file final_35.txt (compact mmCIF, C-alpha atoms)
# COMPACT_ATOMS: atom_id res chain seq x y z
CA MET S 285 121.34 -41.46 -20.32
CA LEU S 286 117.85 -42.03 -21.62
CA ILE S 287 115.14 -39.38 -21.43
CA ARG S 288 111.71 -40.87 -22.00
CA PRO S 289 108.05 -40.15 -21.29
CA ALA S 290 107.03 -40.96 -17.73
CA THR S 291 104.81 -44.00 -17.15
CA PRO S 292 102.52 -44.83 -14.21
CA GLN S 293 105.21 -47.23 -12.96
CA ASP S 294 107.55 -44.23 -12.54
CA ARG S 295 105.37 -42.58 -9.89
CA PRO S 296 107.38 -43.82 -6.86
CA ALA S 297 110.69 -42.74 -8.42
CA ILE S 298 109.27 -39.36 -9.42
CA TRP S 299 107.94 -38.83 -5.90
CA SER S 300 111.36 -39.71 -4.46
CA ILE S 301 112.77 -36.81 -6.49
CA ILE S 302 110.06 -34.16 -6.26
CA GLY S 303 109.04 -34.83 -2.65
CA PRO S 304 112.32 -33.62 -1.08
CA VAL S 305 112.55 -30.64 -3.44
CA ILE S 306 109.01 -29.55 -2.65
CA ARG S 307 109.51 -30.06 1.09
CA ALA S 308 112.72 -27.99 1.06
CA GLY S 309 110.68 -25.05 -0.23
CA GLU S 310 113.71 -23.36 -1.78
CA THR S 311 112.97 -23.41 -5.52
CA TYR S 312 109.27 -24.04 -6.22
CA THR S 313 106.13 -22.22 -5.14
CA LEU S 314 104.46 -25.52 -4.31
CA ASP S 315 103.19 -25.99 -0.75
CA PRO S 316 105.97 -27.79 1.17
CA ALA S 317 103.32 -29.57 3.25
CA GLN S 318 101.50 -31.15 0.31
CA GLY S 319 101.38 -34.90 0.18
CA GLU S 320 102.49 -37.41 -2.40
CA SER S 321 99.18 -37.75 -4.23
CA GLU S 322 98.73 -33.99 -4.59
CA ALA S 323 102.31 -33.45 -5.74
CA LEU S 324 102.15 -36.25 -8.28
CA ALA S 325 98.77 -35.03 -9.54
CA TYR S 326 100.38 -31.66 -10.21
CA TRP S 327 103.62 -33.00 -11.78
CA LEU S 328 101.86 -35.60 -13.91
CA GLY S 329 98.77 -33.51 -14.66
CA PRO S 330 96.87 -33.91 -17.92
CA ASP S 331 98.04 -30.45 -19.04
CA LYS S 332 101.66 -31.65 -19.08
CA GLU S 333 103.96 -34.01 -20.92
CA THR S 334 106.18 -35.46 -18.20
CA PHE S 335 109.55 -37.09 -18.81
CA VAL S 336 112.14 -38.92 -16.74
CA ALA S 337 115.91 -39.07 -17.11
CA GLU S 338 117.09 -42.61 -16.54
CA GLU S 339 120.55 -44.10 -16.27
CA ASP S 340 121.18 -47.83 -15.77
CA GLY S 341 117.53 -48.33 -14.83
CA THR S 342 117.53 -45.60 -12.17
CA ILE S 343 115.47 -42.44 -12.59
CA LEU S 344 117.68 -39.46 -11.76
CA GLY S 345 115.52 -36.55 -12.88
CA THR S 346 112.16 -35.52 -14.20
CA TYR S 347 110.67 -32.62 -16.09
CA TYR S 348 107.37 -31.55 -17.54
CA LEU S 349 106.46 -29.43 -20.54
CA ARG S 350 103.16 -27.62 -21.01
CA PRO S 351 101.70 -24.56 -22.71
CA ASN S 352 102.56 -21.49 -20.65
CA GLN S 353 99.13 -19.98 -21.29
CA ALA S 354 95.95 -20.91 -23.12
CA GLY S 355 94.62 -19.43 -26.35
CA GLY S 356 96.79 -16.67 -27.76
CA GLY S 357 99.68 -17.62 -25.45
CA SER S 358 99.71 -21.32 -26.21
CA HIS S 359 102.62 -21.04 -28.65
CA VAL S 360 104.93 -20.45 -25.67
CA CYS S 361 105.72 -23.41 -23.43
CA ASN S 362 106.74 -23.69 -19.81
CA CYS S 363 108.69 -26.42 -18.01
CA GLY S 364 109.57 -27.57 -14.53
CA TYR S 365 112.67 -29.64 -13.76
CA MET S 366 113.85 -31.58 -10.72
CA THR S 367 116.92 -33.74 -10.23
CA ALA S 368 117.51 -36.37 -7.55
CA ALA S 369 119.64 -35.01 -4.72
CA ASN S 370 122.24 -37.75 -5.21
CA ALA S 371 122.55 -36.90 -8.93
CA THR S 372 123.21 -33.16 -8.79
CA GLY S 373 126.31 -31.89 -10.55
CA ARG S 374 126.28 -34.71 -13.12
CA GLY S 375 124.70 -32.82 -16.02
CA ILE S 376 121.25 -34.37 -15.57
CA ALA S 377 119.47 -30.99 -15.53
CA ARG S 378 121.37 -29.83 -18.62
CA ARG S 379 120.41 -32.98 -20.53
CA MET S 380 116.76 -32.58 -19.52
CA ALA S 381 116.82 -28.90 -20.50
CA GLU S 382 118.36 -29.68 -23.88
CA HIS S 383 115.80 -32.43 -24.40
CA SER S 384 112.95 -30.10 -23.48
CA LEU S 385 114.13 -27.42 -25.90
CA ALA S 386 114.33 -29.94 -28.74
CA HIS S 387 111.00 -31.52 -27.82
CA ALA S 388 109.31 -28.12 -27.59
CA ARG S 389 110.45 -27.35 -31.12
CA THR S 390 108.99 -30.64 -32.40
CA ARG S 391 105.70 -29.70 -30.74
CA GLY S 392 105.67 -26.40 -32.62
CA TYR S 393 106.27 -24.07 -29.69
CA ARG S 394 107.83 -20.76 -30.69
CA ALA S 395 109.35 -19.95 -27.30
CA MET S 396 109.97 -21.30 -23.81
CA GLN S 397 109.31 -19.17 -20.75
CA PHE S 398 110.06 -19.77 -17.10
CA ASN S 399 107.67 -17.64 -15.08
CA PHE S 400 109.24 -17.87 -11.65
CA VAL S 401 112.93 -18.78 -11.33
CA VAL S 402 113.97 -18.15 -7.74
CA SER S 403 116.95 -15.80 -7.96
CA THR S 404 118.88 -17.68 -5.26
CA ASN S 405 118.75 -20.87 -7.37
CA ASP S 406 122.16 -20.02 -8.82
CA SER S 407 122.76 -23.31 -10.61
CA ALA S 408 119.43 -23.07 -12.45
CA VAL S 409 119.96 -19.43 -13.42
CA ARG S 410 123.45 -20.24 -14.75
CA LEU S 411 122.15 -23.25 -16.67
CA TRP S 412 119.30 -21.33 -18.29
CA GLN S 413 121.63 -18.49 -19.25
CA SER S 414 124.15 -20.93 -20.75
CA LEU S 415 121.34 -22.35 -22.91
CA GLY S 416 120.38 -18.92 -24.25
CA PHE S 417 117.63 -17.83 -21.88
CA GLN S 418 117.40 -14.13 -21.15
CA THR S 419 116.02 -12.60 -17.97
CA VAL S 420 113.12 -10.49 -19.20
CA GLY S 421 111.64 -9.63 -15.83
CA ARG S 422 112.44 -9.47 -12.15
CA LEU S 423 109.76 -9.79 -9.49
CA PRO S 424 111.16 -8.06 -6.40
CA ARG S 425 110.92 -10.13 -3.22
CA ALA S 426 108.26 -12.38 -4.79
CA PHE S 427 109.48 -15.60 -3.17
CA HIS S 428 109.74 -16.31 0.54
CA HIS S 429 112.81 -18.50 0.86
CA PRO S 430 112.88 -20.60 4.05
CA THR S 431 116.38 -19.45 5.06
CA GLN S 432 117.12 -16.32 3.00
CA GLY S 433 113.84 -14.49 3.50
CA TYR S 434 112.17 -12.62 0.66
CA VAL S 435 114.13 -12.95 -2.57
CA ASP S 436 113.49 -11.99 -6.18
CA ALA S 437 112.02 -14.26 -8.82
CA LEU S 438 113.09 -14.05 -12.45
CA VAL S 439 111.08 -14.41 -15.64
CA MET S 440 113.33 -16.07 -18.22
CA PHE S 441 112.63 -16.43 -21.94
CA HIS S 442 114.13 -18.27 -24.91
CA PRO S 443 112.78 -17.95 -28.49
CA LEU S 444 112.53 -21.27 -30.32
CA ASP S 445 111.74 -19.93 -33.78
CA HIS S 446 113.30 -22.07 -36.44
call {"tool": "encode", "arguments": {"input": "final_35.txt", "output": "structure tokens"}}
result
Amino acid sequence: MLIRPATPQDRPAIWSIIGPVIRAGETYTLDPAQGESEALAYWLGPDKETFVAEEDGTILGTYYLRPNQAGGGSHVCNCGYMTAANATGRGIARRMAEHSLAHARTRGYRAMQFNFVVSTNDSAVRLWQSLGFQTVGRLPRAFHHPTQGYVDALVMFHPLDH
């Protein structure tokens, strides 16, 4: 599997991945009703480095990396990850997460923080924990899940100091 920077030609493939995830409304705080152009503008925004995971010419996942905060918080990065529905369970998310941790280190980030991991996203929570992330905060009933109602969101943190 190849993980590489996203190009403008990847926009349709990225939309085919992020569109269904956003519309499901189960793991991201993005408006499920937003359209393609708005979603791609967010995912590919100038504040982010966006990557795709590609296998045999097919894009199976995408992630972005950006500073979590400006100024005094810019040494901590933040990421978002999405995998194609037909590629779940194949280790795509793990490979993207490992790539993002390594890439963040090359960019000089000292830590990675996920601000809002929906607690019902069990596979993501398990993955982040297996990669050394610690839950440093819990936001009670901060996310309105479309089928499970109000659920907690987690703040997860991983130091990257060398």
call {"tool": "atom_distance", "arguments": {"input": "final_35.txt", "atom1": "CA of Ala395 (chain S)", "atom2": "CA of Ile302 (chain S)"}}
result
25.4 Å
call {"tool": "atom_distance", "arguments": {"input": "final_35.txt", "atom1": "CA of Asp331 (chain S)", "atom2": "CA of Leu314 (chain S)"}}
result
16.8 Å
call {"tool": "closest_residue", "arguments": {"input": "final_35.txt", "among": "S:Ala368, S:Val360, S:Val420, S:Gln293", "to": "Pro443 (chain S)", "atoms": "only C-alpha atoms"}}
result
S:Val360
call {"tool": "residues_around", "arguments": {"input": "final_35.txt", "residues": "region 351-358 of chain S", "least_positions_apart": "5", "cutoff": "10 Å", "atoms": "all atoms listed in the file", "output": "list in words"}}
result
Asp331, Lys332, Glu333, Cys363, Ala388, Tyr393, Arg394, Ala395, Met396, Gln397, Phe398 and Asn399 of chain S
call {"tool": "atom_distance", "arguments": {"input": "final_35.txt", "atom1": "CA of Ala386 (chain S)", "atom2": "CA of Leu324 (chain S)"}}
result
24.6 Å
call {"tool": "closest_residue", "arguments": {"input": "final_35.txt", "among": "S:Leu438, S:Ala325, S:Val305, S:Leu286", "to": "Ala337 (chain S)", "atoms": "all atoms listed in the file"}}
result
S:Leu286
call {"tool": "closest_residue", "arguments": {"input": "final_35.txt", "among": "S:Ser384, S:Thr367, S:Gln318, S:Gln418", "to": "Ser300 (chain S)", "atoms": "all atoms listed in the file"}}
result
S:Thr367
call {"tool": "closest_residue", "arguments": {"input": "final_35.txt", "among": "S:Gly433, S:Leu385, S:Pro424, S:Ala323", "to": "Trp412 (chain S)", "atoms": "all atoms listed in the file"}}
result
S:Leu385
call {"tool": "closest_residue", "arguments": {"input": "final_35.txt", "among": "S:Glu339, S:Ile287, S:Phe427, S:Asp445", "to": "Arg389 (chain S)", "atoms": "all atoms listed in the file"}}
result
S:Asp445
call {"tool": "closest_residue", "arguments": {"input": "final_35.txt", "among": "S:Arg378, S:Arg350, S:Arg391, S:His429", "to": "Met366 (chain S)", "atoms": "only C-alpha atoms"}}
result
S:Arg378
call {"tool": "residues_near_point", "arguments": {"input": "final_35.txt", "point": "(115.7, -41.4, -9.1)", "cutoff": "10 Å", "atoms": "all atoms listed in the file", "output": "PyMOL selection string"}}
result
chain S and resi 294+296-302+336-339+341-346+367-371
call {"tool": "residues_around", "arguments": {"input": "final_35.txt", "residues": "Thr311 (chain S)", "least_positions_apart": "6", "cutoff": "8 Å", "atoms": "only C-alpha atoms", "output": "ChimeraX atom specification"}}
result
/S:305,401-402,405
call {"tool": "residues_around", "arguments": {"input": "final_35.txt", "residues": "Asp436 (chain S)", "least_positions_apart": "2", "cutoff": "6 Å", "atoms": "all atoms listed in the file", "output": "number ranges by chain"}}
result
S: 403, 423-426
call {"tool": "write_last_selection", "arguments": {"input": "final_35.txt", "atoms": "C-alpha atoms", "output": "CSV table (one decimal), keeping the file's coordinate frame"}}
result
chain,number,residue,atom,x,y,z
S,403,SER,CA,117.0,-15.8,-8.0
S,423,LEU,CA,109.8,-9.8,-9.5
S,424,PRO,CA,111.2,-8.1,-6.4
S,425,ARG,CA,110.9,-10.1,-3.2
S,426,ALA,CA,108.3,-12.4,-4.8
call {"tool": "build_atoms", "arguments": {"input": "final_35.txt", "residues": "region 423-434 of chain S", "atoms": "all heavy atoms", "output": "CSV table (one decimal), keeping the file's coordinate frame"}}
result
chain,number,residue,atom,x,y,z
S,423,LEU,N,110.9,-10.0,-10.4
S,423,LEU,CA,109.8,-9.8,-9.5
S,423,LEU,C,110.4,-9.6,-8.1
S,423,LEU,O,110.8,-10.6,-7.5
S,423,LEU,CB,108.8,-11.0,-9.5
S,423,LEU,CG,108.3,-11.4,-10.9
S,423,LEU,CD1,107.6,-12.7,-10.8
S,423,LEU,CD2,107.5,-10.4,-11.5
S,424,PRO,N,110.5,-8.3,-7.7
S,424,PRO,CA,111.2,-8.1,-6.4
S,424,PRO,C,110.5,-8.8,-5.2
S,424,PRO,O,109.3,-8.7,-5.0
S,424,PRO,CB,111.1,-6.5,-6.3
S,424,PRO,CG,110.8,-6.0,-7.6
S,424,PRO,CD,110.0,-7.1,-8.3
S,425,ARG,N,111.3,-9.5,-4.5
S,425,ARG,CA,110.9,-10.1,-3.2
S,425,ARG,C,109.6,-11.0,-3.4
S,425,ARG,O,108.8,-11.0,-2.5
S,425,ARG,CB,110.8,-9.1,-2.1
S,425,ARG,CG,112.1,-8.4,-1.9
S,425,ARG,CD,112.2,-7.4,-0.8
S,425,ARG,NE,111.1,-6.6,-0.6
S,425,ARG,CZ,110.6,-6.1,0.5
S,425,ARG,NH1,111.2,-6.5,1.6
S,425,ARG,NH2,109.5,-5.4,0.6
S,426,ALA,N,109.5,-11.6,-4.5
S,426,ALA,CA,108.3,-12.4,-4.8
S,426,ALA,C,108.2,-13.8,-4.2
S,426,ALA,O,107.2,-14.4,-4.1
S,426,ALA,CB,108.1,-12.5,-6.3
S,427,PHE,N,109.4,-14.2,-3.7
S,427,PHE,CA,109.5,-15.6,-3.2
S,427,PHE,C,110.0,-15.5,-1.7
S,427,PHE,O,111.0,-14.9,-1.5
S,427,PHE,CB,110.4,-16.5,-4.0
S,427,PHE,CG,110.5,-17.9,-3.6
S,427,PHE,CD1,109.5,-18.8,-3.9
S,427,PHE,CD2,111.6,-18.4,-2.9
S,427,PHE,CE1,109.5,-20.1,-3.5
S,427,PHE,CE2,111.7,-19.7,-2.5
S,427,PHE,CZ,110.7,-20.6,-2.8
S,428,HIS,N,109.3,-16.2,-0.9
S,428,HIS,CA,109.7,-16.3,0.5
S,428,HIS,C,110.6,-17.6,0.7
S,428,HIS,O,110.0,-18.7,0.9
S,428,HIS,CB,108.5,-16.3,1.5
S,428,HIS,CG,108.9,-16.1,2.9
S,428,HIS,ND1,108.3,-16.7,3.9
S,428,HIS,CD2,110.0,-15.4,3.5
S,428,HIS,CE1,108.8,-16.4,5.1
S,428,HIS,NE2,109.9,-15.6,4.8
S,429,HIS,N,111.9,-17.4,0.7
S,429,HIS,CA,112.8,-18.5,0.9
S,429,HIS,C,112.9,-18.9,2.3
S,429,HIS,O,112.9,-18.0,3.2
S,429,HIS,CB,114.2,-18.1,0.4
S,429,HIS,CG,115.2,-19.2,0.2
S,429,HIS,ND1,115.9,-19.7,1.3
S,429,HIS,CD2,115.6,-19.8,-0.9
S,429,HIS,CE1,116.7,-20.6,0.8
S,429,HIS,NE2,116.5,-20.7,-0.5
S,430,PRO,N,112.9,-20.2,2.6
S,430,PRO,CA,112.9,-20.6,4.0
S,430,PRO,C,114.1,-20.2,4.9
S,430,PRO,O,113.9,-20.0,6.1
S,430,PRO,CB,112.8,-22.1,4.0
S,430,PRO,CG,113.3,-22.5,2.6
S,430,PRO,CD,113.0,-21.3,1.7
S,431,THR,N,115.2,-19.9,4.3
S,431,THR,CA,116.4,-19.4,5.1
S,431,THR,C,116.9,-18.1,4.7
S,431,THR,O,117.5,-17.4,5.5
S,431,THR,CB,117.6,-20.4,4.9
S,431,THR,OG1,117.9,-20.5,3.6
S,431,THR,CG2,117.2,-21.8,5.5
S,432,GLN,N,116.6,-17.6,3.5
S,432,GLN,CA,117.1,-16.3,3.0
S,432,GLN,C,116.1,-15.2,3.0
S,432,GLN,O,116.4,-14.1,2.6
S,432,GLN,CB,117.7,-16.5,1.6
S,432,GLN,CG,118.9,-17.5,1.6
S,432,GLN,CD,119.6,-17.5,0.3
S,432,GLN,OE1,119.7,-16.5,-0.4
S,432,GLN,NE2,120.1,-18.7,0.0
S,433,GLY,N,114.9,-15.5,3.4
S,433,GLY,CA,113.8,-14.5,3.5
S,433,GLY,C,113.3,-14.2,2.1
S,433,GLY,O,113.3,-15.1,1.2
S,434,TYR,N,112.8,-13.0,1.9
S,434,TYR,CA,112.2,-12.6,0.7
S,434,TYR,C,113.2,-12.3,-0.4
S,434,TYR,O,114.1,-11.5,-0.2
S,434,TYR,CB,111.3,-11.4,0.9
S,434,TYR,CG,110.1,-11.8,1.7
S,434,TYR,CD1,110.0,-11.5,3.1
S,434,TYR,CD2,109.0,-12.4,1.1
S,434,TYR,CE1,108.9,-11.8,3.8
S,434,TYR,CE2,107.9,-12.8,1.9
S,434,TYR,CZ,107.9,-12.5,3.3
S,434,TYR,OH,106.8,-12.9,4.0
